[in-house]
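Participant: Dropping in my_file_21.cif, with mmCIF, C-alpha atoms.
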```cif
data_final
loop_
_atom_site.label_atom_id
_atom_site.label_comp_id
_atom_site.auth_asym_id
_atom_site.auth_seq_id
_atom_site.Cartn_x
_atom_site.Cartn_y
_atom_site.Cartn_z
CA MET A 1 122.24 110.23 117.58
CA VAL A 2 124.56 112.23 115.31
CA GLU A 3 128.01 112.22 116.82
CA VAL A 4 130.24 114.98 115.54
CA LEU A 5 133.43 115.33 117.57
CA ASP A 6 135.91 117.15 115.37
CA LEU A 7 136.52 118.45 111.87
CA ASP A 8 137.39 115.09 110.33
CA GLN A 9 134.32 113.60 111.88
CA ALA A 10 132.17 116.42 110.52
CA ARG A 11 133.68 116.02 107.05
CA ALA A 12 133.14 112.25 107.09
CA TRP A 13 129.55 112.68 108.27
CA ALA A 14 128.85 115.24 105.54
CA ALA A 15 130.26 112.92 102.86
CA ALA A 16 128.27 109.90 104.01
CA ALA A 17 125.11 111.85 104.75
CA ALA A 18 124.92 113.17 101.18
CA VAL A 19 124.55 109.66 99.71
CA PRO A 20 121.11 109.31 98.08
CA ASP A 21 118.95 106.28 98.81
CA PRO A 22 119.27 103.97 95.76
CA GLU A 23 115.55 103.22 95.58
CA VAL A 24 114.18 106.59 96.66
CA PRO A 25 116.85 108.94 95.31
CA CYS A 26 115.02 112.13 96.33
CA VAL A 27 116.17 111.57 99.92
CA THR A 28 119.59 110.87 101.41
CA VAL A 29 120.50 108.08 103.77
CA ALA A 30 120.67 110.71 106.52
CA ASP A 31 117.17 112.00 105.69
CA LEU A 32 115.83 108.46 106.06
CA GLY A 33 117.64 107.88 109.34
CA ILE A 34 119.43 104.89 107.84
CA LEU A 35 122.85 106.46 108.49
CA ARG A 36 123.12 106.38 112.28
CA TRP A 37 126.62 107.71 112.93
CA VAL A 38 130.08 108.10 111.46
CA ARG A 39 133.20 107.65 113.59
CA VAL A 40 136.72 108.53 112.49
CA GLU A 41 139.67 106.86 114.14
CA ASP A 42 143.23 106.85 112.77
CA GLY A 43 142.03 107.86 109.31
CA VAL A 44 139.43 105.08 109.18
CA ALA A 45 135.85 106.25 108.91
CA THR A 46 133.23 103.76 110.09
CA ALA A 47 129.59 104.41 109.28
CA GLY A 48 126.73 102.77 111.16
CA VAL A 49 123.97 101.78 108.73
CA ALA A 50 120.56 100.51 109.84
CA PRO A 51 118.59 98.47 107.26
CA THR A 52 114.95 99.43 106.81
CA TYR A 53 113.43 95.97 106.23
CA SER A 54 114.97 92.55 106.96
CA GLY A 55 115.07 91.68 103.30
CA CYS A 56 115.71 95.12 101.85
CA PRO A 57 117.79 94.39 98.74
CA ALA A 58 119.19 97.92 98.83
CA VAL A 59 121.19 97.37 102.02
CA LEU A 60 124.34 96.22 100.22
CA ALA A 61 124.05 99.00 97.65
CA ILE A 62 123.69 101.56 100.43
CA GLU A 63 126.69 100.22 102.34
CA LEU A 64 128.81 100.28 99.17
CA ALA A 65 127.70 103.81 98.27
CA VAL A 66 128.49 105.09 101.78
CA GLU A 67 131.93 103.45 101.71
CA THR A 68 132.63 104.93 98.29
CA ALA A 69 131.60 108.40 99.46
CA LEU A 70 133.87 108.15 102.50
CA ARG A 71 136.76 106.93 100.35
CA ASP A 72 136.22 109.82 97.93
CA ALA A 73 136.48 112.14 100.94
CA GLY A 74 139.91 110.69 101.69
CA PHE A 75 139.17 108.12 104.40
CA ASP A 76 139.66 104.41 104.68
CA ALA A 77 136.05 103.38 104.86
CA ARG A 78 134.02 100.74 106.66
CA THR A 79 130.39 100.22 107.44
CA GLU A 80 128.76 98.49 110.37
CA ARG A 81 125.25 97.06 110.04
CA ILE A 82 123.09 98.06 113.00
CA LEU A 83 120.17 95.82 113.93
CA THR A 84 119.36 97.18 117.40
CA PRO A 85 117.48 99.29 117.94
CA ALA A 86 115.50 98.42 114.82
CA TRP A 87 115.08 101.18 112.23
CA THR A 88 111.74 102.91 112.41
CA THR A 89 110.05 105.41 110.14
CA ASP A 90 110.10 107.76 113.16
CA TRP A 91 113.78 108.31 112.30
CA ILE A 92 112.95 109.97 108.98
CA THR A 93 113.77 113.63 109.48
CA ASP A 94 111.26 116.44 108.93
CA ALA A 95 113.30 117.54 105.91
CA GLY A 96 113.18 113.95 104.63
CA ARG A 97 109.39 113.83 104.99
CA GLU A 98 109.05 117.08 103.08
CA LYS A 99 111.31 115.80 100.28
CA LEU A 100 109.28 112.60 100.02
CA ARG A 101 106.04 114.56 99.74
CA ALA A 102 107.50 116.88 97.10
CA TYR A 103 108.65 113.79 95.16
CA GLY A 104 105.11 112.38 95.18
CA ILE A 105 105.51 109.81 97.95
CA ALA A 106 103.25 110.21 100.98
CA PRO A 107 105.46 110.19 104.10
CA PRO A 108 104.66 107.69 106.87
CA ALA A 109 101.75 108.58 109.11
CA SER A 110 102.04 108.10 112.81
CA GLY A 111 99.73 105.70 114.64
CA GLY A 112 97.99 102.68 113.18
CA LYS A 113 100.83 100.40 114.25
CA GLY A 114 100.06 96.93 115.45
CA SER A 115 96.30 96.90 115.16
CA LEU A 116 94.83 94.41 112.74
CA PHE A 117 92.71 96.47 110.38
CA ASP A 118 93.25 100.08 111.42
CA SER A 119 94.46 102.10 108.51
CA PRO A 120 96.23 105.42 109.02
CA VAL A 121 94.98 108.60 107.39
CA VAL A 122 97.23 109.12 104.38
CA ALA A 123 97.14 112.51 102.69
CA CYS A 124 97.53 112.65 98.90
CA PRO A 125 100.98 114.09 98.11
CA GLN A 126 99.55 115.73 94.95
CA CYS A 127 96.44 117.57 96.16
CA GLY A 128 96.64 117.16 99.94
CA SER A 129 93.24 115.48 100.26
CA ASP A 130 92.73 112.98 103.10
CA ASP A 131 90.17 111.10 101.01
CA THR A 132 92.49 108.32 99.85
CA ALA A 133 92.20 104.54 99.59
CA LYS A 134 94.72 101.74 99.90
CA ILE A 135 95.17 99.75 96.68
CA SER A 136 97.72 97.36 98.09
CA GLU A 137 99.79 96.99 101.25
CA PHE A 138 102.79 96.34 99.02
CA GLY A 139 104.39 98.46 96.34
CA SER A 140 107.47 98.83 94.19
CA THR A 141 109.81 98.48 97.17
CA ALA A 142 109.54 96.76 100.56
CA CYS A 143 109.03 100.09 102.30
CA LYS A 144 106.07 101.35 100.26
CA ALA A 145 102.35 100.68 99.83
CA GLN A 146 100.11 101.73 96.93
CA TYR A 147 97.32 104.25 97.45
CA GLN A 148 94.96 106.21 95.27
CA CYS A 149 93.46 109.65 95.90
CA ARG A 150 89.67 109.77 95.60
CA SER A 151 89.73 113.55 95.13
CA CYS A 152 92.24 113.94 92.29
CA ALA A 153 92.24 110.24 91.23
CA GLU A 154 96.04 110.15 91.22
CA PRO A 155 97.65 106.87 92.34
CA PHE A 156 100.66 107.31 94.61
CA ASP A 157 103.19 105.50 96.80
CA TYR A 158 102.89 105.67 100.58
CA PHE A 159 105.98 105.16 102.71
CA LYS A 160 104.73 102.55 105.18
CA CYS A 161 104.92 103.28 108.87
CA ILE A 162 106.94 100.71 110.84
CA MET B 1 122.31 75.09 122.01
CA LEU B 2 121.29 78.51 120.81
CA TRP B 3 122.72 78.01 117.33
CA GLU B 4 120.60 74.90 116.76
CA GLY B 5 117.48 76.80 117.76
CA LEU B 6 118.42 79.63 115.42
CA LEU B 7 118.98 77.14 112.61
CA GLU B 8 115.44 75.81 113.09
CA LEU B 9 114.09 79.34 112.90
CA ALA B 10 116.22 80.13 109.86
CA ASP B 11 114.95 77.00 108.11
CA ASP B 12 111.31 78.00 108.78
CA HIS B 13 111.92 81.42 107.27
CA LEU B 14 113.92 80.32 104.26
CA VAL B 15 111.50 77.54 103.30
CA LEU B 16 108.40 79.72 103.60
CA GLY B 17 110.21 82.59 101.87
CA HIS B 18 111.10 80.32 98.97
CA ARG B 19 107.56 78.95 98.75
CA LEU B 20 106.20 82.50 98.52
CA SER B 21 108.77 83.41 95.90
CA GLU B 22 107.34 80.62 93.72
CA TRP B 23 104.29 82.86 93.22
CA CYS B 24 106.41 85.55 91.57
CA GLY B 25 105.08 86.02 88.05
CA HIS B 26 102.08 83.74 88.72
CA ALA B 27 99.92 85.75 91.10
CA PRO B 28 96.38 86.55 89.94
CA MET B 29 97.00 90.30 89.76
CA LEU B 30 99.88 92.74 89.73
CA GLU B 31 99.34 93.89 93.33
CA GLU B 32 99.68 90.35 94.61
CA ASP B 33 102.61 89.70 92.31
CA LEU B 34 104.33 92.51 94.23
CA ALA B 35 102.96 91.58 97.63
CA LEU B 36 104.04 87.95 97.77
CA PRO B 37 107.70 88.52 96.82
CA ASN B 38 107.69 91.40 99.33
CA LEU B 39 106.62 88.99 102.05
CA ALA B 40 109.20 86.51 100.76
CA LEU B 41 111.94 89.15 100.99
CA ASP B 42 111.16 89.83 104.64
CA LEU B 43 111.38 86.13 105.45
CA ILE B 44 114.53 85.50 103.42
CA GLY B 45 116.20 88.57 104.93
CA THR B 46 115.45 87.26 108.40
CA ALA B 47 116.68 83.79 107.39
CA ARG B 48 119.98 85.21 106.14
CA THR B 49 120.76 86.97 109.40
CA LEU B 50 119.80 83.87 111.40
CA PHE B 51 121.86 81.49 109.22
CA ASP B 52 124.87 83.78 109.42
CA HIS B 53 124.60 84.06 113.19
CA ALA B 54 123.92 80.33 113.72
CA GLY B 55 126.98 79.49 111.64
CA LYS B 56 129.19 81.82 113.66
CA LEU B 57 127.88 80.52 117.00
CA GLU B 58 128.37 76.93 115.89
CA GLY B 59 132.00 77.80 115.21
CA ALA B 60 132.55 75.18 112.52
CA GLY B 61 133.07 77.74 109.76
CA ARG B 62 129.74 77.21 107.99
CA THR B 63 128.46 80.31 106.16
CA GLU B 64 124.87 81.25 105.42
CA ASP B 65 125.30 79.82 101.90
CA ASP B 66 126.63 76.51 103.28
CA LEU B 67 123.64 76.23 105.59
CA ALA B 68 121.03 77.21 103.01
CA TYR B 69 122.38 75.48 99.93
CA LEU B 70 124.41 72.50 101.07
CA ARG B 71 122.08 70.71 103.46
CA ASP B 72 119.68 67.98 102.31
CA ALA B 73 116.02 67.79 103.25
CA ARG B 74 116.79 65.23 105.95
CA VAL B 75 118.79 67.76 107.95
CA TYR B 76 116.45 70.70 107.43
CA ARG B 77 114.62 71.41 110.70
CA ASN B 78 111.70 73.56 109.48
CA CYS B 79 108.19 72.79 110.68
CA LEU B 80 105.95 71.01 108.17
CA LEU B 81 103.52 73.91 107.77
CA VAL B 82 105.98 76.16 105.93
CA GLU B 83 106.95 73.54 103.36
CA ARG B 84 103.36 72.75 102.34
CA PRO B 85 102.95 73.44 98.62
CA ASN B 86 101.37 76.76 97.65
CA GLY B 87 98.17 75.17 96.39
CA ASP B 88 95.60 77.84 95.57
CA PHE B 89 95.44 81.33 97.03
CA ALA B 90 93.38 80.11 99.98
CA HIS B 91 96.12 77.67 100.96
CA THR B 92 98.90 80.22 100.55
CA MET B 93 97.15 82.92 102.56
CA LEU B 94 96.03 80.63 105.36
CA ARG B 95 99.54 79.16 105.68
CA GLN B 96 100.88 82.73 105.89
CA LEU B 97 98.34 83.74 108.51
CA TYR B 98 99.04 80.70 110.70
CA PHE B 99 102.79 81.29 110.56
CA ALA B 100 102.86 85.09 110.86
CA ALA B 101 100.48 85.09 113.83
CA PHE B 102 102.78 82.58 115.52
CA MET B 103 105.99 84.45 114.69
CA GLU B 104 104.63 87.80 115.85
CA LEU B 105 104.02 86.32 119.31
CA TYR B 106 107.38 84.56 119.20
CA TRP B 107 109.37 87.67 118.30
CA GLN B 108 107.58 89.67 120.98
CA GLN B 109 109.05 87.21 123.49
CA ALA B 110 112.50 87.64 121.93
CA LEU B 111 112.57 91.45 122.06
CA ASP B 112 114.57 91.42 125.31
CA HIS B 113 116.71 88.37 124.49
CA THR B 114 120.26 88.44 125.82
CA ASP B 115 121.77 87.87 122.35
CA ASP B 116 122.19 91.15 120.41
CA ILE B 117 121.47 89.64 117.01
CA VAL B 118 118.37 87.75 118.18
CA ARG B 119 117.09 90.96 119.76
CA GLY B 120 117.83 92.89 116.58
CA VAL B 121 116.10 90.37 114.32
CA ALA B 122 113.11 90.28 116.67
CA GLY B 123 112.80 94.07 116.65
CA LYS B 124 112.57 94.18 112.87
CA ALA B 125 110.58 91.02 112.29
CA VAL B 126 107.89 91.73 114.86
CA LYS B 127 106.88 94.80 112.87
CA GLU B 128 106.99 92.95 109.57
CA MET B 129 104.81 90.15 110.92
CA GLY B 130 102.14 92.78 111.59
CA TYR B 131 101.96 93.42 107.84
CA HIS B 132 101.99 89.74 107.01
CA ILE B 133 99.11 89.07 109.38
CA ARG B 134 97.07 91.98 108.08
CA HIS B 135 97.55 91.03 104.45
CA SER B 136 96.83 87.33 104.87
CA ALA B 137 93.94 87.86 107.31
CA GLU B 138 92.27 90.22 104.85
CA TRP B 139 92.49 87.53 102.17
CA VAL B 140 91.26 84.76 104.47
CA ILE B 141 88.21 86.88 105.33
CA ARG B 142 87.63 87.96 101.72
CA LEU B 143 87.74 84.38 100.48
CA GLY B 144 85.97 82.76 103.43
CA ASP B 145 83.15 85.28 103.34
CA GLY B 146 83.18 85.58 99.56
CA THR B 147 81.53 83.47 96.89
CA GLU B 148 80.39 79.89 97.28
CA GLU B 149 83.50 78.75 95.41
CA SER B 150 85.97 80.88 97.38
CA ALA B 151 84.38 79.79 100.68
CA ARG B 152 84.62 76.14 99.63
CA ARG B 153 88.30 76.59 98.83
CA MET B 154 88.97 78.40 102.09
CA ARG B 155 87.35 75.56 104.06
CA ALA B 156 89.43 73.06 102.08
CA ALA B 157 92.57 75.00 103.01
CA VAL B 158 91.68 74.89 106.71
CA ASN B 159 91.00 71.20 106.39
CA ALA B 160 94.36 70.61 104.69
CA LEU B 161 96.60 72.89 106.78
CA HIS B 162 95.30 73.04 110.32
CA ARG B 163 96.87 69.67 111.14
CA TYR B 164 100.32 71.20 110.61
CA THR B 165 99.88 74.00 113.18
CA GLY B 166 100.41 71.92 116.34
CA GLU B 167 104.06 71.38 115.52
CA MET B 168 104.77 75.11 115.86
CA PHE B 169 104.07 74.87 119.59
CA GLU B 170 106.32 71.92 120.40
CA PRO B 171 109.04 72.52 123.00
CA SER B 172 112.32 73.80 121.63
CA TYR B 173 115.71 74.94 122.84
CA SER B 174 115.70 76.55 126.29
CA GLU B 175 117.86 79.45 125.06
CA LEU B 176 114.93 80.73 122.99
CA PRO B 177 111.32 81.73 123.78
CA ASN B 178 109.01 79.00 125.04
CA ARG B 179 106.83 78.08 122.06
CA VAL B 180 104.46 75.92 124.08
CA ALA B 181 103.24 78.95 125.99
CA LEU B 182 102.22 80.81 122.83
CA GLN B 183 99.39 78.54 121.70
CA GLY B 184 96.62 80.18 123.73
CA ALA B 185 97.44 83.68 122.52
CA TRP B 186 97.77 82.39 118.94
CA GLU B 187 94.30 80.84 119.00
CA ALA B 188 92.86 83.97 120.61
CA ARG B 189 94.37 86.06 117.82
CA LEU B 190 93.06 83.88 115.00
CA LYS B 191 89.61 82.83 116.17
CA PRO B 192 88.04 86.27 115.56
CA VAL B 193 89.49 86.19 112.03
CA PHE B 194 87.89 82.78 111.46
CA THR B 195 84.58 84.06 112.77
CA GLU B 196 84.69 87.01 110.42
CA ALA B 197 85.67 84.67 107.58
CA MET B 198 82.66 82.42 108.33
CA LEU B 199 85.01 79.54 109.07
CA ASP B 200 84.71 77.01 111.87
CA TRP B 201 87.75 76.73 114.10
CA PRO B 202 88.77 73.05 113.91
CA ASN B 203 88.84 71.22 117.23
CA ASP B 204 90.37 67.87 118.10
CA VAL B 205 92.53 67.76 115.00
CA PHE B 206 95.26 65.12 114.81
CA MET B 207 98.49 67.11 114.57
CA GLN B 208 101.22 66.05 112.15
CA THR B 209 104.78 66.30 113.35
CA GLY B 210 108.29 65.37 112.28
CA GLY B 211 109.79 68.45 110.65
CA ARG B 212 111.94 69.33 113.64
CA GLN B 213 113.45 65.83 113.44
CA GLY B 214 114.06 66.12 109.71
CA ILE B 215 111.10 63.94 108.69
CA HIS B 216 109.58 65.99 105.89
CA GLY B 217 106.98 65.69 103.18
CA GLU B 218 108.00 64.78 99.67
CA GLY B 219 107.62 68.39 98.54
CA LEU B 220 110.55 69.76 100.51
CA GLY B 221 113.09 67.70 98.57
CA HIS B 222 111.72 68.99 95.27
CA MET B 223 111.76 72.53 96.56
CA LEU B 224 115.34 72.28 97.79
CA ALA B 225 116.44 70.72 94.51
CA THR B 226 115.20 73.80 92.67
CA MET B 227 116.58 76.18 95.26
CA GLN B 228 120.00 74.55 95.59
CA ILE B 229 120.82 73.41 92.06
CA LEU B 230 122.72 76.52 91.04
CA HIS B 231 124.94 76.66 94.09
CA ARG B 232 125.60 72.93 93.98
CA ALA B 233 126.37 72.93 90.25
CA HIS B 234 128.56 76.03 90.48
CA PRO B 235 129.87 76.16 94.06
CA GLY B 236 130.40 79.71 95.28
CA ALA B 237 128.77 81.25 92.20
CA THR B 238 128.08 84.98 92.51
CA TRP B 239 126.45 87.46 90.18
#
```
When written as structure tokens, how does the structure in this file appear?
Facilitator:
Amino acid sequence: MVEVLDLDQARAWAAAAAVPDPEVPCVTVADLGILRWVRVEDGVATAGVAPTYSGCPAVLAIELAVETALRDAGFDARTERILTPAWTTDWITDAGREKLRAYGIAPPASGGKGSLFDSPVVACPQCGSDDTAKISEFGSTACKAQYQCRSCAEPFDYFKCI
Amino acid sequence: MLWEGLLELADDHLVLGHRLSEWCGHAPMLEEDLALPNLALDLIGTARTLFDHAGKLEGAGRTEDDLAYLRDARVYRNCLLVERPNGDFAHTMLRQLYFAAFMELYWQQALDHTDDIVRGVAGKAVKEMGYHIRHSAEWVIRLGDGTEESARRMRAAVNALHRYTGEMFEPSYSELPNRVALQGAWEARLKPVFTEAMLDWPNDVFMQTGGRQGIHGEGLGHMLATMQILHRAHPGATW
């Protein structure tokens, strides 16, 4: 997915990839798989950005931040919003998952998609216990649910799997 | 025409999204106060993409703001179900379940649509509808199989809303998925939820219709007045 063709391209990618997510600042847009590619042509860097949820209010902020980062790196900057294929939590990198966990957000589990009442096993990011319970399907941002650990009693955010 | 079909879809999503947003700050507990605007955001996000695309395909220069804020109730094409007032929690959750179960099936049919944007919207929305169904179905079961009072309210919601479901399955534009064909799968999806919620599935219900022709209930005009006042009073306002 990452297209790096020459030095300019690599520099533009590095600049855009370092932009933190505005709502989950412990991870970058590259960690989350939101930044799909950066192409440089005639000094214009275009970044492909995939929104997480249809109504994610951070999309505009992310596009602006990526454009600003590319401009700071010396390019004329544009972004392109990518709808297909739809962003999925499978695109979060391993490094991104680790950063989320270290920040106290349980990374998305695999499985449990589509079925009506199946809940995934979500490990507590604090103590690692699997004995956790969902408080609410919805949390502080569109992409997170609220859980609580039954072992250490700590409430935590879970990055929903879509 | 495809753009007219997309406008219908956009209207469904915006109207239901706005209805859900009316709960913000009024939900019975913090978790639901977060959940309902989250559901609203999904729907409004979908509506925005659809309005934008419909406007471009129409080719008359109408933007998403023009389509959302500068049309009167008479030209809105949403189905009647989504404009029904929030009522109590039983009404809101049942309305959500009816619509989300329908839209999940609909978007599944649109996943391989020839139009890039339709395909893209479908790919995102089909996953979001899964959450909407789960959340609303859990509530329908909790209330239907709850206390005497909650069960009474849940039955009242079925009684009030079921008559608006038939309209979802009326024929639409040939460029988009065939809605008529989805009714069987929709009923099959919801009947087990009703059983678990101790609710009877209503049969032989007279189905209300008219939304697709712009014949709406009184409530839509009031809702649009609230939703559109700022843009109409201060055209092009941004903040």
Participant: I need the chain B residues near chain A as a PyMOL selection string; criterion: at most 10 Å, counting all atoms listed in the file.
Facilitator: chain B and resi 30-49+116-135+137-138+189+193
Participant: Run through the PyMOL selection byres ((chain B and resi 66-69) around 12) on the given coordinates and return the selected residues as a short mmCIF file (atom, residue, chain, number, x, y, z; two decimals) with C-alpha atoms, in the frame of the given file.
Facilitator:
```cif
data_model
loop_
_atom_site.label_atom_id
_atom_site.label_comp_id
_atom_site.auth_asym_id
_atom_site.auth_seq_id
_atom_site.Cartn_x
_atom_site.Cartn_y
_atom_site.Cartn_z
CA TRP B 3 122.72 78.01 117.33
CA GLU B 4 120.60 74.90 116.76
CA LEU B 6 118.42 79.63 115.42
CA LEU B 7 118.98 77.14 112.61
CA GLU B 8 115.44 75.81 113.09
CA ALA B 10 116.22 80.13 109.86
CA ASP B 11 114.95 77.00 108.11
CA ASP B 12 111.31 78.00 108.78
CA HIS B 13 111.92 81.42 107.27
CA LEU B 14 113.92 80.32 104.26
CA VAL B 15 111.50 77.54 103.30
CA HIS B 18 111.10 80.32 98.97
CA ILE B 44 114.53 85.50 103.42
CA ALA B 47 116.68 83.79 107.39
CA ARG B 48 119.98 85.21 106.14
CA THR B 49 120.76 86.97 109.40
CA LEU B 50 119.80 83.87 111.40
CA PHE B 51 121.86 81.49 109.22
CA ASP B 52 124.87 83.78 109.42
CA HIS B 53 124.60 84.06 113.19
CA ALA B 54 123.92 80.33 113.72
CA GLY B 55 126.98 79.49 111.64
CA LYS B 56 129.19 81.82 113.66
CA GLU B 58 128.37 76.93 115.89
CA ALA B 60 132.55 75.18 112.52
CA GLY B 61 133.07 77.74 109.76
CA ARG B 62 129.74 77.21 107.99
CA THR B 63 128.46 80.31 106.16
CA GLU B 64 124.87 81.25 105.42
CA ASP B 65 125.30 79.82 101.90
CA LEU B 70 124.41 72.50 101.07
CA ARG B 71 122.08 70.71 103.46
CA ASP B 72 119.68 67.98 102.31
CA ALA B 73 116.02 67.79 103.25
CA VAL B 75 118.79 67.76 107.95
CA TYR B 76 116.45 70.70 107.43
CA ARG B 77 114.62 71.41 110.70
CA ASN B 78 111.70 73.56 109.48
CA MET B 223 111.76 72.53 96.56
CA LEU B 224 115.34 72.28 97.79
CA ALA B 225 116.44 70.72 94.51
CA THR B 226 115.20 73.80 92.67
CA MET B 227 116.58 76.18 95.26
CA GLN B 228 120.00 74.55 95.59
CA ILE B 229 120.82 73.41 92.06
CA LEU B 230 122.72 76.52 91.04
CA HIS B 231 124.94 76.66 94.09
CA ARG B 232 125.60 72.93 93.98
CA ALA B 233 126.37 72.93 90.25
CA HIS B 234 128.56 76.03 90.48
CA PRO B 235 129.87 76.16 94.06
CA GLY B 236 130.40 79.71 95.28
CA ALA B 237 128.77 81.25 92.20
#
```
Participant: What's the separation between atom CA of A:Ala16 and atom CA of A:Asp31, in Å to one decimal place?
Facilitator: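 Interatomic distance here is 11.4 Å.
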Participant: Decode the PyMOL selection byres ((chain A and resi 147) around 12) for the given file into explicit residues and return them as a PyMOL selection string.
Facilitator: (chain A and resi 104-106+119-126+130-140+144-146+148-150+153-160) or (chain B and resi 31)
Participant: State, in Å with one decimal place, the distance from atom CA of B:Val140 to atom CA of B:His222.
Facilitator: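 Straight-line distance from atom CA of B:Val140 to atom CA of B:His222 works out to 27.4 Å.
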Participant: All heavy atoms are what I want for stretch 59-65 of chain A; can you complete it accordingly and write them as an mmCIF file, in the frame of the given file?
Facilitator:
```
data_model
loop_
_atom_site.group_PDB
_atom_site.id
_atom_site.type_symbol
_atom_site.label_atom_id
_atom_site.label_comp_id
_atom_site.auth_asym_id
_atom_site.auth_seq_id
_atom_site.Cartn_x
_atom_site.Cartn_y
_atom_site.Cartn_z
ATOM 1 N N VAL A 59 120.237 97.203 100.916
ATOM 2 C CA VAL A 59 121.190 97.370 102.020
ATOM 3 C C VAL A 59 122.637 97.334 101.541
ATOM 4 O O VAL A 59 123.439 98.206 101.874
ATOM 5 C CB VAL A 59 120.973 96.272 103.096
ATOM 6 C CG1 VAL A 59 122.050 96.348 104.161
ATOM 7 C CG2 VAL A 59 119.623 96.446 103.753
ATOM 8 N N LEU A 60 122.970 96.323 100.704
ATOM 9 C CA LEU A 60 124.340 96.220 100.220
ATOM 10 C C LEU A 60 124.720 97.420 99.371
ATOM 11 O O LEU A 60 125.809 97.966 99.496
ATOM 12 C CB LEU A 60 124.518 94.930 99.405
ATOM 13 C CG LEU A 60 124.829 93.676 100.218
ATOM 14 C CD1 LEU A 60 124.969 92.487 99.284
ATOM 15 C CD2 LEU A 60 126.124 93.878 101.014
ATOM 16 N N ALA A 61 123.782 97.856 98.518
ATOM 17 C CA ALA A 61 124.050 99.000 97.650
ATOM 18 C C ALA A 61 124.295 100.254 98.492
ATOM 19 O O ALA A 61 125.179 101.065 98.182
ATOM 20 C CB ALA A 61 122.872 99.224 96.697
ATOM 21 N N ILE A 62 123.527 100.392 99.563
ATOM 22 C CA ILE A 62 123.690 101.560 100.430
ATOM 23 C C ILE A 62 125.057 101.522 101.130
ATOM 24 O O ILE A 62 125.789 102.506 101.162
ATOM 25 C CB ILE A 62 122.552 101.626 101.472
ATOM 26 C CG1 ILE A 62 121.225 101.964 100.774
ATOM 27 C CG2 ILE A 62 122.868 102.660 102.551
ATOM 28 C CD1 ILE A 62 120.002 101.811 101.648
ATOM 29 N N GLU A 63 125.399 100.332 101.645
ATOM 30 C CA GLU A 63 126.690 100.220 102.340
ATOM 31 C C GLU A 63 127.848 100.531 101.389
ATOM 32 O O GLU A 63 128.780 101.252 101.743
ATOM 33 C CB GLU A 63 126.841 98.826 102.949
ATOM 34 C CG GLU A 63 125.920 98.616 104.158
ATOM 35 C CD GLU A 63 125.896 97.186 104.673
ATOM 36 O OE1 GLU A 63 126.463 96.290 104.003
ATOM 37 O OE2 GLU A 63 125.304 96.978 105.736
ATOM 38 N N LEU A 64 127.753 100.009 100.159
ATOM 39 C CA LEU A 64 128.810 100.280 99.170
ATOM 40 C C LEU A 64 128.893 101.760 98.833
ATOM 41 O O LEU A 64 129.978 102.330 98.750
ATOM 42 C CB LEU A 64 128.526 99.484 97.883
ATOM 43 C CG LEU A 64 129.106 98.076 97.837
ATOM 44 C CD1 LEU A 64 128.688 97.391 96.538
ATOM 45 C CD2 LEU A 64 130.633 98.136 97.929
ATOM 46 N N ALA A 65 127.718 102.390 98.651
ATOM 47 C CA ALA A 65 127.700 103.810 98.270
ATOM 48 C C ALA A 65 128.279 104.674 99.385
ATOM 49 O O ALA A 65 129.017 105.633 99.127
ATOM 50 C CB ALA A 65 126.275 104.243 97.937
#
```
